[in-house]
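*Asks:* Would you mind keeping the following structure in view while I ask a few things?
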Amino acid sequence: MARHVRALTVLHATDHVVIVGAGFGGWRLVEALRRDGFDGEITLIGDESYAPYDRPPLSKHVLAGKWEVERATLATPERIEESHVQLRLGVRAVALDIEANTVKLEDGARIEGTHFVIATGTRARRLPFSADAEILTLRNRDDELRMRLELEALAPGSAIAVIGGGFIGAEVATQLKSRGFVPIVLEVATRPLIGVLGPEVSSWLERLAADVQIELRNEQRISDVVADDEGYAVRFEDGGELRASMVIVGAGALPNFEWLEGSGLTLDGGVVVDENLLARENIAAIGDVARFSWPNVMGEELVRIEHWEVANGHAQALAHYWMTGEGAAGLMVPYFWSDQYGKKIQMLGHARPDDDVVRVSGSPEEGKWLAIYSRGGVVTGIVTLSQPRGLMMSKHLLESPSTLEAALVDAPWTG
């Protein structure tokens, strides 16, 4: 477990908070600090040239053509002005000097502060294919722009290979289908999401792609992707080949913490922080890049969770702690959702894929259901397909330890 780090003191007007990472978590922290009364200086550093924006809509509303990409912007000019934040955009942080209390930027500038927050998030994982430079991902606004322009150049009905059947891959395939293309989803595992949701739950979801006439191929061993004058050749280890007009990879993400090598912070698959998100007395990490000590119904775990709601919760909790010295009052319950193949998957908790699972409502045939994960008889997670009300009615099962036996008697999802 991460050691507990006590904050030096609450923030004062003379302090300068430097946030590295101008994504969702970084911007939510700016808002939370101001809302909680911090009136000192805030500098927000980001490697993208865009003002902070929300990423989930890129693979949902924007790719579907329902939103203009600007609608995902969080930090509008009015909100930036209200927040009195200094933005340093389009420049990457390359080092943190914890002795000199400075962040070094790639343009040679050094930003001095009293408190630092690492909110650098994650980047799309690339695969070692010959056509890597031409293969698309969807992680940020530049990815979305490139994908949109290339899609506009394709004829309706063009085949598009989507490598990876997880959340991003399924969401992208769904939107491509709605735009008149023919996505073919290539998943390396026996079923998509089996490593996240476990074998039983993933089996209930397997039919969703076919229900909307999207081809899903499991256990695909890809040896290479090659670009030529006619498009792309996806080559398989068994000698087979798939021709496609475009190739998109959704193969997970990698945390952005390499720039902190040599800083003296503890790095282990992310930036290791305690339950108050502190790596040092004046240094914190939040969101996807943080490997944090998480008190939960099973005790305490050191975890890194790539969920939108976790980044939001981190921002609120850190602002409150630095302004009051008070830690979180209750257990944080992670939450995520995914809109894919015309259905909504939602999950509360952070269950392991090998936890026990029991479906307590609905069925795959109905196209909606609710299931409970448990470990050692204690509820560890709740997952639903198109049953949002039942999910939220059951959240209290994870806010304090609840036995599966008591949950089945209580059956809050039926209320």
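Lettering and numbering for the structure tokens are positional, with chains as A, B, ... in the shown order, residues counted from 1 in each chain, and ligands counted from 1 in the shown order.
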For Phe116 of chain A, list every protein, DNA or RNA residue within 8 Å, evaluated using only C-alpha atoms, and leave out those in the same chain fewer than 6 positions away; present the list as a ChimeraX atom specification.

*Replies:* /A:17-20,282-284

*Asks:* Fewer than 5 positions away in the same chain doesn't count, so skip those; otherwise give me all residues within 9 Å of segment 405-410 of chain A, counting only C-alpha atoms, as a list in words.

*Replies:*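 In the requested form, the answer reads Val360, Ile372, Gly377, Val378, Val379, Ser394 and Leu397 of chain A.
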
*Asks:* Just the selected residues (N, CA and C atoms), exported as a CSV table (one decimal), in the first residue's frame, please.

*Replies:*
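result-v7.csv, freshly written:
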```csv
chain,number,residue,atom,x,y,z
A,360,VAL,N,-29.4,-11.3,-11.4
A,360,VAL,CA,-30.6,-11.2,-10.5
A,360,VAL,C,-31.8,-10.6,-11.2
A,372,ILE,N,-24.8,-9.1,-10.0
A,372,ILE,CA,-24.0,-8.8,-8.8
A,372,ILE,C,-22.7,-9.6,-8.8
A,377,GLY,N,-18.4,-13.8,-0.5
A,377,GLY,CA,-19.7,-13.5,0.0
A,377,GLY,C,-20.0,-12.0,0.2
A,378,VAL,N,-19.0,-11.1,-0.2
A,378,VAL,CA,-19.2,-9.7,-0.1
A,378,VAL,C,-19.4,-9.1,-1.5
A,379,VAL,N,-20.4,-8.2,-1.6
A,379,VAL,CA,-20.7,-7.6,-2.9
A,379,VAL,C,-19.5,-6.7,-3.3
A,394,SER,N,-29.2,0.3,-6.5
A,394,SER,CA,-28.3,-0.7,-5.8
A,394,SER,C,-27.0,-0.1,-5.3
A,397,LEU,N,-25.1,-0.8,-1.9
A,397,LEU,CA,-24.5,-2.1,-1.6
A,397,LEU,C,-23.0,-2.0,-1.7
```

*Asks:* Rounded to one decimal in Å, what is the spacing between atom CA of Ala244 of chain A and atom CA of Ser158 of chain A?

*Replies:* 7.5 Å

*Asks:* Per DSSP on the backbone, filter segment 38-170 of chain A down to the residues in strand (DSSP E or B) and report them as a PyMOL selection string.

*Replies:* chain A and resi 41-46+53+73+85-89+93-97+102-105+110-112+115-118+122-124+136+159-163

*Asks:* Choose the residue, out of A:Thr114, A:Thr403, A:Ser203, A:Thr266, that has the smallest atom-to-atom separation from Val10 of chain A; count only C-alpha atoms.

*Replies:* A:Thr114

*Asks:* Hey, could you make a per-residue contact list for segment 247-346 of chain A against segment 222-234 of chain A with 12 Å as the cut-off, showing the nearest pair of atoms and its distance in Å to one decimal, counting only C-alpha atoms, sorted by chain and number, as JSON lines?

*Replies:*
```
{"residue": "A:Val247", "atom": "CA", "partner": "A:Tyr232", "partner_atom": "CA", "distance": 7.2}
{"residue": "A:Ile248", "atom": "CA", "partner": "A:Val225", "partner_atom": "CA", "distance": 10.8}
{"residue": "A:Val249", "atom": "CA", "partner": "A:Val225", "partner_atom": "CA", "distance": 10.9}
```

*Asks:* Give me, as a VMD selection string, all polymer residues having an atom no more than 8 Å from segment 35-46 of chain A, counting only C-alpha atoms and skipping those fewer than 2 positions away in the same chain.

*Replies:* chain A and resid 11 to 23 26 to 27 30 to 33 48 to 49 84 to 93 319 to 320 323

*Asks:* Can you measure atom CA of Arg207 of chain A to atom CA of Leu254 of chain A for me? One decimal in Å is fine.

*Replies:* 29.2 Å

*Asks:* Select from segment 147-208 of chain A every residue with an atom at most 10 Å from any atom of segment 328-349 of chain A, then for each give the shortest pair of atoms and their distance in Å to one decimal, using only C-alpha atoms, rows by chain and rising number, as a Markdown table.

*Replies:*
```
| residue | atom | partner | partner_atom | distance |
| --- | --- | --- | --- | --- |
| A:Gly166 | CA | A:Ser338 | CA | 9.8 |
| A:Phe167 | CA | A:Ser338 | CA | 6.3 |
| A:Ile168 | CA | A:Ser338 | CA | 8.4 |
| A:Gly169 | CA | A:Gln340 | CA | 9.1 |
| A:Ala170 | CA | A:Gln340 | CA | 5.7 |
| A:Glu171 | CA | A:Gln340 | CA | 4.9 |
| A:Val172 | CA | A:Gln340 | CA | 8.3 |
| A:Ala173 | CA | A:Tyr341 | CA | 8.1 |
| A:Thr174 | CA | A:Tyr341 | CA | 5.4 |
| A:Gln175 | CA | A:Gln340 | CA | 8.6 |
| A:Lys177 | CA | A:Tyr341 | CA | 9.3 |
| A:Ser178 | CA | A:Tyr341 | CA | 9.9 |
| A:Leu197 | CA | A:Met347 | CA | 9.4 |
| A:Leu205 | CA | A:Ile345 | CA | 9.3 |
| A:Arg207 | CA | A:Tyr341 | CA | 9.6 |
| A:Leu208 | CA | A:Tyr341 | CA | 5.9 |
```

*Asks:* Write a file of the selected residues as an mmCIF file, in the first residue's frame, keeping N, CA and C atoms.

*Replies:*
```cif
data_model
loop_
_atom_site.group_PDB
_atom_site.id
_atom_site.type_symbol
_atom_site.label_atom_id
_atom_site.label_comp_id
_atom_site.auth_asym_id
_atom_site.auth_seq_id
_atom_site.Cartn_x
_atom_site.Cartn_y
_atom_site.Cartn_z
ATOM 1 N N GLY A 166 -12.998 -4.168 -27.276
ATOM 2 C CA GLY A 166 -13.339 -3.623 -25.965
ATOM 3 C C GLY A 166 -14.257 -2.431 -26.083
ATOM 4 N N PHE A 167 -14.239 -1.576 -25.052
ATOM 5 C CA PHE A 167 -15.186 -0.467 -25.011
ATOM 6 C C PHE A 167 -15.020 0.484 -26.190
ATOM 7 N N ILE A 168 -13.789 0.958 -26.437
ATOM 8 C CA ILE A 168 -13.576 1.898 -27.533
ATOM 9 C C ILE A 168 -13.851 1.239 -28.883
ATOM 10 N N GLY A 169 -13.347 0.028 -29.082
ATOM 11 C CA GLY A 169 -13.555 -0.659 -30.353
ATOM 12 C C GLY A 169 -15.028 -0.859 -30.662
ATOM 13 N N ALA A 170 -15.802 -1.279 -29.652
ATOM 14 C CA ALA A 170 -17.230 -1.513 -29.864
ATOM 15 C C ALA A 170 -17.970 -0.209 -30.125
ATOM 16 N N GLU A 171 -17.602 0.857 -29.394
ATOM 17 C CA GLU A 171 -18.266 2.146 -29.604
ATOM 18 C C GLU A 171 -17.967 2.697 -30.995
ATOM 19 N N VAL A 172 -16.708 2.594 -31.411
ATOM 20 C CA VAL A 172 -16.335 3.059 -32.748
ATOM 21 C C VAL A 172 -17.073 2.258 -33.821
ATOM 22 N N ALA A 173 -17.101 0.937 -33.672
ATOM 23 C CA ALA A 173 -17.783 0.093 -34.654
ATOM 24 C C ALA A 173 -19.259 0.454 -34.749
ATOM 25 N N THR A 174 -19.879 0.725 -33.616
ATOM 26 C CA THR A 174 -21.295 1.102 -33.587
ATOM 27 C C THR A 174 -21.540 2.360 -34.401
ATOM 28 N N GLN A 175 -20.691 3.366 -34.206
ATOM 29 C CA GLN A 175 -20.880 4.630 -34.920
ATOM 30 C C GLN A 175 -20.548 4.498 -36.402
ATOM 31 N N LYS A 177 -21.041 1.861 -38.216
ATOM 32 C CA LYS A 177 -22.208 1.193 -38.809
ATOM 33 C C LYS A 177 -23.325 2.206 -39.052
ATOM 34 N N SER A 178 -23.542 3.114 -38.082
ATOM 35 C CA SER A 178 -24.609 4.105 -38.221
ATOM 36 C C SER A 178 -24.348 5.078 -39.365
ATOM 37 N N LEU A 197 -14.835 -7.970 -17.502
ATOM 38 C CA LEU A 197 -16.105 -8.355 -16.884
ATOM 39 C C LEU A 197 -16.183 -9.825 -16.508
ATOM 40 N N LEU A 205 -22.929 -10.681 -23.386
ATOM 41 C CA LEU A 205 -22.814 -9.528 -24.277
ATOM 42 C C LEU A 205 -22.434 -9.922 -25.703
ATOM 43 N N ARG A 207 -23.691 -11.547 -28.099
ATOM 44 C CA ARG A 207 -24.671 -11.511 -29.178
ATOM 45 C C ARG A 207 -25.001 -10.087 -29.654
ATOM 46 N N LEU A 208 -24.580 -9.059 -28.879
ATOM 47 C CA LEU A 208 -24.999 -7.692 -29.172
ATOM 48 C C LEU A 208 -24.560 -7.226 -30.551
#
```

*Asks:* Could you tell me how far atom CA of Arg55 of chain A sits from atom CA of Leu318 of chain A, in Å to one decimal place?

*Replies:*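 Value for the atom CA of Leu318 of chain A-atom CA of Arg55 of chain A distance: 21.5 Å.
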
*Asks:* Nearest to Leu105 of chain A among A:Gln213, A:Asp47, A:Val273, A:Leu149, with distances taken over only C-alpha atoms: which residue is it?

*Replies:*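 The closest residue to Leu105 of chain A is A:Asp47.
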